[in-house]
Every structure is written in structure tokens, then in C-alpha cells.
$ cat structure_15.txt   # compact mmCIF, C-alpha atoms and all ligand atoms
# COMPACT_ATOMS: atom_id res chain seq x y z
CA MET A 31 39.62 24.74 -49.73
CA SER A 32 38.66 27.39 -47.21
CA ILE A 33 40.59 30.62 -47.05
CA LEU A 34 41.20 29.91 -43.39
CA ASP A 35 43.33 26.88 -44.00
CA THR A 36 46.89 27.78 -43.19
CA THR A 37 48.68 25.05 -45.12
CA SER A 38 47.12 21.79 -46.14
CA LEU A 39 44.79 19.45 -44.37
CA HIS A 40 47.35 16.67 -44.43
CA LEU A 41 50.20 18.11 -42.40
CA PRO A 42 52.51 15.68 -40.72
CA LYS A 43 52.15 15.90 -36.97
CA GLU A 44 54.09 18.91 -35.82
CA ASN A 45 53.73 18.26 -32.14
CA PRO A 46 53.22 14.54 -31.54
CA GLU A 47 53.03 15.07 -27.76
CA ALA A 48 49.76 16.94 -28.17
CA GLU A 49 46.46 15.06 -27.89
CA ASP A 50 43.82 14.99 -30.58
CA PHE A 51 40.52 15.34 -28.74
CA LEU A 52 40.38 18.97 -29.93
CA PRO A 53 41.35 19.13 -33.62
CA LEU A 54 41.85 22.80 -34.56
CA LEU A 55 41.85 23.83 -38.21
CA GLY A 56 43.26 27.31 -37.65
CA THR A 57 42.57 30.70 -36.10
CA ASP A 58 39.11 31.79 -37.24
CA TYR A 59 39.22 35.39 -36.03
CA VAL A 60 40.53 37.64 -33.27
CA GLU A 61 38.02 40.01 -31.67
CA LEU A 62 39.11 43.21 -29.96
CA TYR A 63 36.87 45.24 -27.70
CA VAL A 64 37.70 48.86 -28.46
CA GLY A 65 36.47 52.32 -27.49
CA ASN A 66 35.68 53.41 -31.03
CA ALA A 67 35.36 50.59 -33.55
CA LYS A 68 34.69 52.85 -36.50
CA GLN A 69 37.94 54.75 -36.06
CA ALA A 70 39.90 51.63 -35.09
CA ALA A 71 38.69 49.96 -38.30
CA HIS A 72 40.04 52.89 -40.28
CA TYR A 73 43.43 52.54 -38.54
CA TYR A 74 43.69 48.80 -39.27
CA MET A 75 42.78 49.48 -42.89
CA SER A 76 44.89 52.57 -43.56
CA ALA A 77 47.97 51.64 -41.51
CA TRP A 78 47.87 47.85 -41.62
CA GLY A 79 46.32 47.16 -45.02
CA PHE A 80 43.35 45.17 -43.76
CA GLN A 81 40.42 44.94 -46.17
CA PRO A 82 36.80 45.61 -45.17
CA LEU A 83 34.77 42.41 -44.97
CA ALA A 84 31.62 42.56 -42.84
CA TYR A 85 29.63 44.75 -40.47
CA SER A 86 26.96 44.42 -37.84
CA GLY A 87 25.28 47.20 -35.86
CA LEU A 88 22.12 49.30 -35.79
CA GLU A 89 21.60 48.89 -39.56
CA THR A 90 21.60 45.11 -39.20
CA GLY A 91 19.26 45.10 -36.21
CA VAL A 92 21.90 44.90 -33.46
CA LYS A 93 21.11 47.46 -30.78
CA ASP A 94 23.84 47.13 -28.17
CA ARG A 95 27.10 46.88 -30.15
CA VAL A 96 28.76 47.58 -33.45
CA SER A 97 31.34 45.30 -35.08
CA TYR A 98 33.59 45.81 -38.09
CA VAL A 99 35.27 42.74 -39.58
CA LEU A 100 38.53 43.16 -41.47
CA GLN A 101 40.60 40.65 -43.38
CA GLN A 102 44.09 40.31 -44.79
CA GLY A 103 45.40 36.97 -46.03
CA LYS A 104 43.88 34.47 -43.60
CA ILE A 105 43.83 36.94 -40.70
CA ARG A 106 40.42 38.23 -39.63
CA LEU A 107 39.99 40.91 -36.98
CA ILE A 108 36.70 41.97 -35.44
CA LEU A 109 36.58 45.39 -33.82
CA THR A 110 33.64 45.74 -31.46
CA SER A 111 32.37 48.75 -29.47
CA PRO A 112 29.33 49.12 -27.24
CA LEU A 113 26.43 51.36 -28.32
CA GLN A 114 24.99 51.69 -24.80
CA SER A 115 26.41 52.33 -21.33
CA GLY A 116 27.11 49.95 -18.51
CA GLY A 117 27.28 46.67 -20.39
CA GLU A 118 29.79 43.86 -20.42
CA ILE A 119 31.85 45.37 -23.26
CA ASN A 120 31.94 48.74 -21.49
CA LYS A 121 33.26 47.06 -18.34
CA HIS A 122 35.91 45.22 -20.36
CA ILE A 123 37.12 48.47 -21.94
CA ASP A 124 37.00 50.29 -18.60
CA ALA A 125 39.16 47.59 -16.98
CA HIS A 126 41.58 46.86 -19.80
CA GLY A 127 41.47 49.64 -22.36
CA ASP A 128 41.30 48.35 -25.93
CA GLY A 129 42.35 44.72 -26.08
CA VAL A 130 41.76 41.22 -27.35
CA LYS A 131 38.57 39.65 -26.00
CA ALA A 132 38.38 36.50 -28.12
CA ILE A 133 40.78 34.23 -29.95
CA ALA A 134 38.38 32.20 -32.10
CA LEU A 135 39.42 28.77 -33.30
CA TRP A 136 38.06 27.10 -36.41
CA VAL A 137 36.80 23.57 -35.70
CA ASP A 138 34.76 20.85 -37.40
CA ASP A 139 32.50 20.39 -34.38
CA ALA A 140 31.93 23.28 -31.97
CA THR A 141 29.63 21.20 -29.74
CA LYS A 142 32.17 18.43 -29.29
CA SER A 143 34.97 21.00 -28.76
CA TYR A 144 32.91 22.57 -25.99
CA LYS A 145 32.09 19.26 -24.32
CA GLU A 146 35.67 17.96 -24.50
CA THR A 147 37.16 21.12 -22.99
CA VAL A 148 34.48 21.75 -20.34
CA SER A 149 34.63 18.11 -19.20
CA ARG A 150 38.39 18.63 -18.71
CA GLY A 151 37.87 21.65 -16.52
CA ALA A 152 37.37 24.65 -18.82
CA GLU A 153 35.02 27.34 -17.52
CA SER A 154 32.07 27.80 -19.89
CA TYR A 155 31.71 31.17 -21.65
CA MET A 156 29.06 30.26 -24.22
CA GLU A 157 27.13 27.01 -24.54
CA PRO A 158 26.92 25.71 -28.12
CA LYS A 159 24.41 27.74 -30.13
CA THR A 160 23.40 27.60 -33.76
CA ILE A 161 22.96 30.88 -35.61
CA LYS A 162 21.38 31.00 -39.07
CA ASP A 163 20.62 33.22 -42.00
CA GLU A 164 19.84 32.64 -45.70
CA ASP A 165 23.47 31.58 -46.32
CA GLY A 166 23.37 28.69 -43.88
CA GLU A 167 24.25 28.09 -40.27
CA VAL A 168 27.20 28.34 -37.92
CA VAL A 169 27.64 26.70 -34.53
CA LEU A 170 29.52 28.73 -31.89
CA SER A 171 30.61 27.82 -28.38
CA GLY A 172 33.18 29.30 -26.01
CA ILE A 173 35.36 28.81 -22.97
CA HIS A 174 37.33 31.14 -20.73
CA THR A 175 41.13 31.29 -20.72
CA TYR A 176 43.56 33.65 -18.90
CA GLY A 177 42.21 36.94 -17.55
CA GLU A 178 38.96 37.92 -19.28
CA THR A 179 40.10 36.44 -22.59
CA VAL A 180 38.01 33.70 -24.18
CA HIS A 181 38.28 31.10 -26.92
CA ILE A 182 35.32 30.78 -29.28
CA PHE A 183 34.96 27.55 -31.27
CA VAL A 184 33.57 28.25 -34.74
CA GLU A 185 31.97 25.48 -36.83
CA ARG A 186 31.24 26.92 -40.26
CA SER A 187 31.13 23.98 -42.68
CA ASN A 188 27.42 24.65 -43.38
CA TYR A 189 27.84 28.37 -44.02
CA LYS A 190 28.42 30.17 -47.33
CA GLY A 191 28.00 33.80 -46.24
CA THR A 192 30.55 36.61 -45.94
CA PHE A 193 31.46 36.05 -42.30
CA LEU A 194 28.85 34.93 -39.76
CA PRO A 195 25.04 35.06 -39.69
CA GLY A 196 23.96 38.52 -38.55
CA PHE A 197 26.77 40.29 -40.41
CA GLN A 198 26.29 42.01 -43.74
CA LYS A 199 28.97 42.50 -46.35
CA TRP A 200 30.85 45.73 -45.74
CA ASP A 201 32.14 47.38 -48.89
CA PRO A 202 33.09 51.01 -48.27
CA HIS A 203 34.60 53.21 -50.96
CA TYR A 204 37.92 53.49 -49.08
CA LYS A 205 40.33 50.59 -49.36
CA ALA A 206 44.06 50.76 -48.64
CA PRO A 207 46.50 48.40 -50.36
CA ASP A 208 47.24 45.09 -48.66
CA ILE A 209 50.73 44.96 -47.11
CA GLY A 210 51.32 41.22 -47.41
CA LEU A 211 50.19 39.90 -44.01
CA LYS A 212 49.31 36.22 -44.45
CA TYR A 213 48.25 34.48 -41.24
CA ILE A 214 48.53 34.58 -37.45
CA ASP A 215 51.76 32.84 -36.51
CA HIS A 216 51.22 32.92 -32.74
CA MET A 217 49.30 34.79 -30.04
CA VAL A 218 51.09 35.51 -26.78
CA GLY A 219 49.48 35.76 -23.36
CA ASN A 220 50.88 37.62 -20.36
CA VAL A 221 49.81 36.16 -17.02
CA GLY A 222 50.57 37.16 -13.43
CA TRP A 223 53.34 36.10 -11.03
CA ASN A 224 53.65 32.30 -10.78
CA GLU A 225 50.71 31.73 -13.12
CA MET A 226 52.58 30.53 -16.20
CA ASP A 227 52.58 26.87 -15.21
CA LYS A 228 48.91 26.97 -14.30
CA TRP A 229 47.96 28.30 -17.74
CA CYS A 230 50.33 25.95 -19.58
CA GLU A 231 48.69 23.12 -17.70
CA PHE A 232 45.30 24.48 -18.78
CA TYR A 233 46.33 24.30 -22.45
CA ALA A 234 47.79 20.82 -21.90
CA LYS A 235 44.96 19.30 -19.91
CA VAL A 236 41.91 21.15 -21.20
CA MET A 237 42.91 21.64 -24.85
CA GLY A 238 45.39 18.80 -25.43
CA PHE A 239 48.29 21.11 -26.30
CA ALA A 240 51.91 20.20 -25.60
CA GLN A 241 54.84 22.35 -24.65
CA LEU A 242 57.20 23.22 -27.50
CA ILE A 243 59.86 25.31 -25.78
CA SER A 244 60.52 27.06 -22.52
CA PHE A 245 62.68 30.03 -21.64
CA ASP A 246 63.61 30.90 -18.11
CA ASP A 247 64.84 34.09 -16.60
CA LYS A 248 68.44 33.24 -17.50
CA ASP A 249 67.51 33.28 -21.18
CA ILE A 250 65.34 36.34 -20.92
CA SER A 251 66.89 38.82 -18.59
CA THR A 252 68.69 42.09 -18.87
CA GLU A 253 70.30 44.19 -16.20
CA TYR A 254 66.88 45.25 -15.02
CA THR A 255 64.04 43.01 -16.00
CA ALA A 256 63.24 39.37 -16.48
CA LEU A 257 60.45 37.12 -17.60
CA MET A 258 59.74 33.45 -18.09
CA SER A 259 57.99 31.96 -21.08
CA LYS A 260 56.67 28.62 -22.32
CA VAL A 261 55.24 27.92 -25.75
CA MET A 262 52.18 25.66 -25.97
CA SER A 263 51.09 24.23 -29.32
CA ASN A 264 48.27 22.05 -30.62
CA GLY A 265 48.80 18.77 -32.46
CA ASN A 266 49.10 20.05 -36.03
CA GLY A 267 51.26 23.00 -34.93
CA ARG A 268 48.95 25.61 -36.46
CA ILE A 269 48.03 27.13 -33.11
CA LYS A 270 50.89 28.38 -30.93
CA PHE A 271 50.29 30.17 -27.66
CA PRO A 272 53.39 31.32 -25.79
CA ILE A 273 52.61 32.23 -22.15
CA ASN A 274 54.78 34.76 -20.26
CA GLU A 275 55.01 35.56 -16.57
CA PRO A 276 57.16 38.18 -14.87
CA ALA A 277 60.35 37.15 -13.10
CA ASP A 278 62.35 39.02 -10.50
CA GLY A 279 64.60 41.74 -11.81
CA ARG A 280 66.14 44.90 -10.46
CA LYS A 281 63.31 46.98 -11.89
CA LYS A 282 59.78 46.44 -13.11
CA SER A 283 59.57 43.94 -15.95
CA GLN A 284 57.66 44.64 -19.16
CA ILE A 285 55.22 41.88 -18.14
CA GLU A 286 54.47 43.64 -14.84
CA GLU A 287 53.96 46.90 -16.71
CA TYR A 288 51.48 45.12 -18.98
CA ILE A 289 49.62 43.46 -16.08
CA GLU A 290 49.38 46.80 -14.29
CA PHE A 291 47.98 48.72 -17.27
CA TYR A 292 45.79 45.89 -18.57
CA ASN A 293 44.54 45.18 -15.04
CA GLY A 294 45.35 41.51 -15.26
CA ALA A 295 46.29 38.81 -17.72
CA GLY A 296 45.66 39.25 -21.43
CA VAL A 297 47.03 39.08 -24.94
CA GLN A 298 50.46 40.71 -25.13
CA HIS A 299 51.11 40.39 -28.84
CA MET A 300 49.77 39.00 -32.06
CA ALA A 301 52.46 37.74 -34.43
CA MET A 302 51.47 38.07 -38.07
CA ALA A 303 53.41 36.30 -40.80
CA THR A 304 54.55 37.74 -44.12
CA ASP A 305 56.47 36.28 -47.08
CA ASN A 306 58.43 39.51 -47.53
CA ILE A 307 59.19 41.27 -44.30
CA ILE A 308 61.17 44.05 -45.95
CA GLU A 309 58.22 45.11 -48.12
CA THR A 310 55.69 44.64 -45.32
CA VAL A 311 57.65 46.63 -42.73
CA SER A 312 58.54 49.36 -45.25
CA ALA A 313 54.83 49.81 -46.00
CA LEU A 314 53.91 49.84 -42.30
CA LYS A 315 56.55 52.49 -41.55
CA ASP A 316 55.38 54.63 -44.46
CA ARG A 317 51.89 54.47 -43.00
CA GLY A 318 52.98 55.57 -39.54
CA VAL A 319 53.36 52.33 -37.58
CA GLU A 320 56.19 52.66 -35.04
CA PHE A 321 58.62 49.87 -34.25
CA LEU A 322 61.12 49.10 -31.53
CA THR A 323 64.68 49.80 -32.60
CA VAL A 324 67.91 48.06 -31.71
CA PRO A 325 71.33 49.74 -31.63
CA ALA A 326 73.22 49.65 -34.95
CA VAL A 327 75.88 47.50 -33.25
CA TYR A 328 73.37 44.60 -33.32
CA TYR A 329 74.05 44.32 -37.07
CA ASP A 330 77.84 44.23 -36.64
CA GLU A 331 77.65 40.80 -35.04
CA VAL A 332 74.37 39.32 -36.22
CA LEU A 333 75.72 37.39 -39.21
CA ASP A 334 78.40 35.78 -37.01
CA ARG A 335 75.56 34.48 -34.88
CA VAL A 336 73.04 33.43 -37.55
CA GLY A 337 75.27 32.63 -40.54
CA GLU A 338 74.34 33.26 -44.15
CA ILE A 339 70.89 34.61 -45.03
CA ASP A 340 69.16 35.26 -48.38
CA GLU A 341 68.46 38.94 -47.72
CA ASP A 342 70.86 41.88 -47.92
CA LEU A 343 71.73 43.06 -44.45
CA GLU A 344 71.45 46.76 -45.29
CA PRO A 345 67.63 47.04 -45.67
CA LEU A 346 67.18 44.85 -42.59
CA LYS A 347 69.42 47.22 -40.64
CA GLU A 348 67.67 50.27 -42.01
CA LEU A 349 64.27 48.93 -40.94
CA GLY A 350 65.49 47.43 -37.65
CA ILE A 351 64.47 43.87 -38.54
CA LEU A 352 65.97 41.21 -36.26
CA ILE A 353 67.36 37.83 -37.30
CA ASP A 354 67.63 34.53 -35.44
CA ARG A 355 68.42 30.93 -36.34
CA ASP A 356 67.55 27.51 -34.96
CA ASP A 357 68.30 23.94 -36.12
CA GLU A 358 65.76 24.11 -38.92
CA GLY A 359 66.42 27.50 -40.47
CA TYR A 360 66.21 31.17 -39.67
CA LEU A 361 63.58 33.82 -39.07
CA LEU A 362 63.22 37.55 -39.48
CA GLN A 363 61.11 39.50 -36.98
CA ILE A 364 60.29 42.97 -35.72
CA PHE A 365 58.02 44.31 -32.97
CA THR A 366 55.88 47.43 -32.95
CA LYS A 367 55.63 49.78 -30.02
CA PRO A 368 52.29 49.33 -28.20
CA ILE A 369 49.52 50.06 -30.73
CA LEU A 370 47.00 51.15 -28.09
CA ASP A 371 46.89 54.06 -25.65
CA ARG A 372 47.93 51.92 -22.70
CA PRO A 373 51.36 50.24 -22.91
CA THR A 374 49.77 46.84 -23.41
CA MET A 375 49.38 45.09 -26.76
CA PHE A 376 51.81 45.22 -29.65
CA VAL A 377 52.24 43.35 -32.93
CA GLU A 378 55.11 41.20 -34.18
CA ILE A 379 55.81 40.82 -37.89
CA ILE A 380 57.57 37.54 -38.63
CA GLN A 381 58.94 35.86 -41.73
CA ARG A 382 59.97 32.26 -41.22
CA LYS A 383 62.64 30.74 -43.40
CA GLY A 384 62.55 27.26 -41.94
CA ALA A 385 62.93 28.23 -38.29
CA LYS A 386 60.11 27.06 -36.01
CA SER A 387 61.30 28.96 -32.93
CA PHE A 388 60.52 32.44 -31.63
CA GLY A 389 63.70 34.51 -31.77
CA LYS A 390 65.38 33.65 -28.48
CA GLY A 391 68.69 35.06 -29.78
CA ASN A 392 67.05 38.49 -30.05
CA PHE A 393 65.49 38.63 -26.62
CA LYS A 394 68.26 40.55 -24.92
CA ALA A 395 68.58 43.26 -27.61
CA LEU A 396 64.82 43.50 -27.74
CA PHE A 397 64.20 43.80 -24.04
CA GLU A 398 66.82 46.47 -23.71
CA SER A 399 64.89 48.32 -26.37
CA ILE A 400 61.62 47.85 -24.47
CA GLU A 401 63.30 49.13 -21.31
CA ARG A 402 64.32 52.32 -23.07
CA GLU A 403 60.65 52.81 -23.92
CA GLN A 404 59.60 51.99 -20.35
CA ALA A 405 62.11 54.53 -19.03
CA ASN A 406 60.48 57.11 -21.34
CA ARG A 407 57.10 56.25 -19.83
CA GLY A 408 58.47 56.37 -16.29
CA THR A 409 57.34 52.78 -15.70
CA LEU A 410 60.69 51.00 -15.41
FE FE2 B 1 56.28 36.50 -30.64
$ encode --input "structure_15.txt" --output "C-alpha cells"
Amino acid sequence: MSILDTTSLHLPKENPEAEDFLPLLGTDYVELYVGNAKQAAHYYMSAWGFQPLAYSGLETGVKDRVSYVLQQGKIRLILTSPLQSGGEINKHIDAHGDGVKAIALWVDDATKSYKETVSRGAESYMEPKTIKDEDGEVVLSGIHTYGETVHIFVERSNYKGTFLPGFQKWDPHYKAPDIGLKYIDHMVGNVGWNEMDKWCEFYAKVMGFAQLISFDDKDISTEYTALMSKVMSNGNGRIKFPINEPADGRKKSQIEEYIEFYNGAGVQHMAMATDNIIETVSALKDRGVEFLTVPAVYYDEVLDRVGEIDEDLEPLKELGILIDRDDEGYLLQIFTKPILDRPTMFVEIIQRKGAKSFGKGNFKALFESIEREQANRGTL
């Protein structure tokens, strides 16, 4: 079975409302356009424990860009930088800073995925094309989603190579230990004022997703800022895309801050799952990754709210890990500060212990923490 498979191929339907014209097997990769892919690759290896996988650039005959592919568990990141001036990647970086360009989805049939979505109104990004090398062939196609973000459909059943045709295996001397990241749990998009419903409708109509949950500004508001959020999911529940929009508050919301610095809609956070959040977060902190903190008082009341948990509270408190519960179980989660120069994208580390939700009970404590950071930046 492929390394990309997140659970088994015979999952019960997780989201029976969703339609099946676009079966998705999992997240294939996430590509970031960055200013300096070589150094970014070192950061994701040394701080985040990603392992080197594949490379393309001048040495492989590619003249205009360089890409480093990293892997940990089933998560694959591509870091891409331009090698020339004035191109499409340069413009993306100029407009947005470093950020996610593509959320690639693993499918059985990239041509059919393209036709089904474009016929339902998706804007074409890349018509189906077959790329080949001595290890076989891959079919790629792509559509636009919010902002300048795209979805690439990857059909790789006839390919045995390291990553994709055109990439060579990348095996540098330096390798940092893995920190236990397993798979992408969800990818969150921030969109502009009054655009949430439009993009949820896009995922429903064009991709056959259904809405799992929604939060309005009463759920997600503090004294100052507010946002609204809906979670869209595909049929087998492996792909979950929450969409946020700003809501009126007394001061500028974190979503507005994002939209301002990213120059439009884009990926706000990637949530990566671990089986041992205490070990994973301890390793990340030791390697210099910075997290949002909540006041110690959060831990005085948390067990009254969530009930009994398997973990000792003390290490969770020490690391600032948050806890929430829903009908099906509980979850542990923590959020980094923005990992880029601009206050745009961050990463969530999540360990699910039955819960299928997203930590609604933590929103208030969390957003107050974000506001303290915004106040430091003078952007509240
Ligand atoms: Fe999240």
C-alpha cells in the first residue's frame, strides 16, 4: 500500500453528505513558493525533522526554478524558488511573501478529476499532462482555488520513482531526526470579507465536499476580534479544509492582518498530526520553533471542561498544549507563531484521541494569545 494512504482504502463514509465524483486518496504534497528554497529546506529539516527526498534544478536540467522535496510520515513538502527574475514564482513571492502555492491531491484519475471539477465551474490552472521518465509516468492537472492557491491532481499509479518525473533522489549528508509528524490533518484557508460562503460553495459544488461544522462570530470572538469559519470535507473525510473570513470586532482581526500581509486569500495554517504531541512539541521547542502560549490559569479549569485524559497535565501545561473534547473523544493541539517573515502562515500540531472536531473550546484562549502577538506587532 502506498505511503500516502492515510488509513485504509476501505474507510466507512465519514461524510455521507459529500458527493463521490471526485474520489481523493489523500494529500499528495504541499508546495510552497519561497525566497530561498535551499535555506528553507534546511529549516524544515533541522527544526521540523523533515527528511530529504528529491530535488530538481539546474543539475537536473531545470533552468528557471529549484525545488527541494522533503518528507516526514505521509507529509511531503516542496520548497520552490525561482532562478531567474520576473517570472510567475517571483511575482507570487513579491505579492505574498513565502506561502503555499499548491495543495496537491492524490487521485486515481487526474484527467477525470480535472474534467469533473472544470465542468462544475472550476477555473483551469493546468490541463491534464503526462510526464515520464525511466520509472514510469504521472498524470498531473490543476485548478484554481482561493487567492492564488491551486489544487493539483496527481495520478501516480504507473510511477515507481522517488517523487515525480524530473526529480532526482536527494540524499545529502545532513539529516535531522524525525519528530513524529504523521500526516496532514487539515489545511485552513483565510478568505476576504463575506467570501467564506462563496468558497464553501466552491468546495461543495465543484469538488463535492460537504460542510462538517460551522463557527460564527459568537463562538470565535474576544473583546477585540472576531472571525467566522466553516469546515468543508470530502466524502472519505481524509481531506478537511476549514475556511475562515474576518468578522466585525473592535479592532483588526487576525484574519484581516493575514489578508493585509498576504495581499489576499491564502493558506493560514497547516495542521500536522502526531501520535505523541508531548514528544513532538518538546523536540520542536528544543530546535527553536516558537509557539503561542496561554495563561497558566487555562490549566486550572481545563480538566473541568474536558474531563479525564490519558496524559499528565503537567507536561501539557509546561509546553502550552491545549485540550478540547467533543462527543467522540478529545484532542490535544498547539499552534506556532507565524513561521515566515510576514505574519501569515503558521503550523498546528494536533493529536486526536477520538475527537473529530477542531478545538472550538480553545478558540477564546487562543485568540487572546494571538492578539497579544498582534499588539506586539502593532497590527491590532
Ligand atoms: Fe486547525
$ residues_around --input "structure_15.txt" --residues "Met217 of chain A" --least-positions-apart "2" --cutoff "8 Å" --atoms "only C-alpha atoms" --output "NGL selection string"
:A and (214-215 or 219 or 270-272 or 297-301)
$ write_last_selection --input "structure_15.txt" --atoms "C-alpha atoms" --output "PDB file, in the coordinates of the input"
ATOM      1  CA  ILE A 214      48.530  34.580 -37.450  1.00  0.00           C
ATOM      2  CA  ASP A 215      51.760  32.840 -36.510  1.00  0.00           C
ATOM      3  CA  GLY A 219      49.480  35.760 -23.360  1.00  0.00           C
ATOM      4  CA  LYS A 270      50.890  28.380 -30.930  1.00  0.00           C
ATOM      5  CA  PHE A 271      50.290  30.170 -27.660  1.00  0.00           C
ATOM      6  CA  PRO A 272      53.390  31.320 -25.790  1.00  0.00           C
ATOM      7  CA  VAL A 297      47.030  39.080 -24.940  1.00  0.00           C
ATOM      8  CA  GLN A 298      50.460  40.710 -25.130  1.00  0.00           C
ATOM      9  CA  HIS A 299      51.110  40.390 -28.840  1.00  0.00           C
ATOM     10  CA  MET A 300      49.770  39.000 -32.060  1.00  0.00           C
ATOM     11  CA  ALA A 301      52.460  37.740 -34.430  1.00  0.00           C
TER      12      ALA A 301
END
$ closest_residue --input "structure_15.txt" --among "A:Ser387, A:Thr409, A:Gln241, A:Asn224" --to "ligand FE2 1 (chain B)" --atoms "all atoms listed in the file"
A:Ser387
$ residues_around --input "structure_15.txt" --residues "Ile380 of chain A" --least-positions-apart "4" --cutoff "9 Å" --atoms "all atoms listed in the file" --output "PyMOL selection string"
chain A and resi 215+301-305+307+361-365
$ closest_residue --input "structure_15.txt" --among "A:Ile273, A:Glu309, A:Tyr328, A:Ile289" --to "ligand FE2 1 (chain B)" --atoms "only C-alpha atoms and all ligand atoms"
A:Ile273
$ residues_around --input "structure_15.txt" --residues "Thr110 of chain A" --least-positions-apart "3" --cutoff "9 Å" --atoms "all atoms listed in the file" --output "ChimeraX atom specification"
/A:61-68,95-99,119
$ residues_around --input "structure_15.txt" --residues "Val332 of chain A" --least-positions-apart "3" --cutoff "9 Å" --atoms "all atoms listed in the file" --output "mmCIF file with C-alpha atoms, keeping the file's coordinate frame"
data_model
loop_
_atom_site.group_PDB
_atom_site.id
_atom_site.type_symbol
_atom_site.label_atom_id
_atom_site.label_comp_id
_atom_site.auth_asym_id
_atom_site.auth_seq_id
_atom_site.Cartn_x
_atom_site.Cartn_y
_atom_site.Cartn_z
ATOM 1 C CA VAL A 327 75.880 47.500 -33.250
ATOM 2 C CA TYR A 328 73.370 44.600 -33.320
ATOM 3 C CA TYR A 329 74.050 44.320 -37.070
ATOM 4 C CA ARG A 335 75.560 34.480 -34.880
ATOM 5 C CA VAL A 336 73.040 33.430 -37.550
ATOM 6 C CA GLY A 337 75.270 32.630 -40.540
ATOM 7 C CA LEU A 352 65.970 41.210 -36.260
ATOM 8 C CA ILE A 353 67.360 37.830 -37.300
ATOM 9 C CA ASP A 354 67.630 34.530 -35.440
#
$ atom_distance --input "structure_15.txt" --atom1 "atom CA of Tyr144 of chain A" --atom2 "atom CA of Met237 of chain A"
10.1 Å
$ closest_residue --input "structure_15.txt" --among "A:Gln404, A:Ser111, A:Ser263, A:Ser283" --to "Gly238 of chain A" --atoms "only C-alpha atoms"
A:Ser263
$ residues_around --input "structure_15.txt" --residues "Arg372 of chain A" --least-positions-apart "3" --cutoff "12 Å" --atoms "all atoms listed in the file" --output "PyMOL selection string"
chain A and resi 123-129+287-293+298+367-369+375-376+404+407+409
$ atom_distance --input "structure_15.txt" --atom1 "atom CA of Gly172 of chain A" --atom2 "atom CA of Ala234 of chain A"
17.4 Å
$ residues_near_point --input "structure_15.txt" --point "(56.1, 39.0, -11.5)" --cutoff "9 Å" --atoms "only C-alpha atoms" --output "compact mmCIF listing (two decimals) with C-alpha atoms, keeping the file's coordinate frame"
# COMPACT_ATOMS: atom_id res chain seq x y z
CA VAL A 221 49.81 36.16 -17.02
CA GLY A 222 50.57 37.16 -13.43
CA TRP A 223 53.34 36.10 -11.03
CA ASN A 224 53.65 32.30 -10.78
CA ALA A 256 63.24 39.37 -16.48
CA LEU A 257 60.45 37.12 -17.60
CA GLU A 275 55.01 35.56 -16.57
CA PRO A 276 57.16 38.18 -14.87
CA ALA A 277 60.35 37.15 -13.10
CA ASP A 278 62.35 39.02 -10.50
CA GLY A 279 64.60 41.74 -11.81
CA LYS A 282 59.78 46.44 -13.11
CA SER A 283 59.57 43.94 -15.95
CA ILE A 285 55.22 41.88 -18.14
CA GLU A 286 54.47 43.64 -14.84
$ axis_aligned_box --input "structure_15.txt" --around "segment 163-166 of chain A" --padding-each-side "3 Å" --output "lines of an AutoDock Vina configuration file"
center_x = 21.7
center_y = 31.0
center_z = -44.2
size_x = 9.6
size_y = 10.5
size_z = 10.3
$ closest_residue --input "structure_15.txt" --among "A:Thr160, A:Leu109, A:His216, A:Pro207" --to "Tyr189 of chain A" --atoms "all atoms listed in the file"
A:Thr160
$ closest_residue --input "structure_15.txt" --among "A:Met156, A:Val311, A:Ala405, A:Val377" --to "ligand FE2 1 (chain B)" --atoms "all atoms listed in the file"
A:Val377
$ closest_residue --input "structure_15.txt" --among "A:Leu88, A:Val180, A:Ile351, A:Val324" --to "Lys394 of chain A" --atoms "only C-alpha atoms"
A:Val324
$ atom_distance --input "structure_15.txt" --atom1 "atom CA of Tyr59 of chain A" --atom2 "atom CA of Ser86 of chain A"
15.3 Å
$ decode --input "structure_15.txt" --residues "segment 375-379 of chain A" --atoms "all heavy atoms" --output "short mmCIF file (atom, residue, chain, number, x, y, z; two decimals), in the first residue's frame"
data_model
loop_
_atom_site.label_atom_id
_atom_site.label_comp_id
_atom_site.auth_asym_id
_atom_site.auth_seq_id
_atom_site.Cartn_x
_atom_site.Cartn_y
_atom_site.Cartn_z
N MET A 375 1.44 32.62 7.58
CA MET A 375 1.18 31.21 7.85
C MET A 375 1.81 30.71 9.15
O MET A 375 2.89 31.14 9.54
CB MET A 375 1.70 30.35 6.70
CG MET A 375 1.18 28.93 6.75
SD MET A 375 1.81 27.90 5.43
CE MET A 375 3.49 27.67 5.93
N PHE A 376 1.07 29.82 9.81
CA PHE A 376 1.62 29.12 10.98
C PHE A 376 1.28 27.64 10.86
O PHE A 376 0.65 27.20 9.89
CB PHE A 376 1.10 29.74 12.28
CG PHE A 376 -0.40 29.80 12.42
CD1 PHE A 376 -1.10 28.73 12.98
CD2 PHE A 376 -1.13 30.92 12.00
CE1 PHE A 376 -2.48 28.78 13.11
CE2 PHE A 376 -2.51 30.97 12.14
CZ PHE A 376 -3.19 29.90 12.70
N VAL A 377 1.74 26.87 11.83
CA VAL A 377 1.51 25.41 11.81
C VAL A 377 0.81 25.01 13.10
O VAL A 377 1.09 25.56 14.17
CB VAL A 377 2.84 24.63 11.67
CG1 VAL A 377 2.60 23.12 11.71
CG2 VAL A 377 3.56 25.01 10.38
N GLU A 378 -0.13 24.09 12.99
CA GLU A 378 -0.78 23.49 14.14
C GLU A 378 -0.26 22.06 14.28
O GLU A 378 -0.15 21.35 13.29
CB GLU A 378 -2.30 23.47 13.93
CG GLU A 378 -3.08 22.67 14.98
CD GLU A 378 -4.59 22.63 14.69
OE1 GLU A 378 -5.05 23.31 13.76
OE2 GLU A 378 -5.29 21.91 15.42
N ILE A 379 0.04 21.68 15.52
CA ILE A 379 0.35 20.27 15.80
C ILE A 379 -0.86 19.72 16.53
O ILE A 379 -1.34 20.32 17.50
CB ILE A 379 1.60 20.13 16.70
CG1 ILE A 379 2.79 20.91 16.13
CG2 ILE A 379 1.95 18.65 16.89
CD1 ILE A 379 3.28 20.43 14.80
#
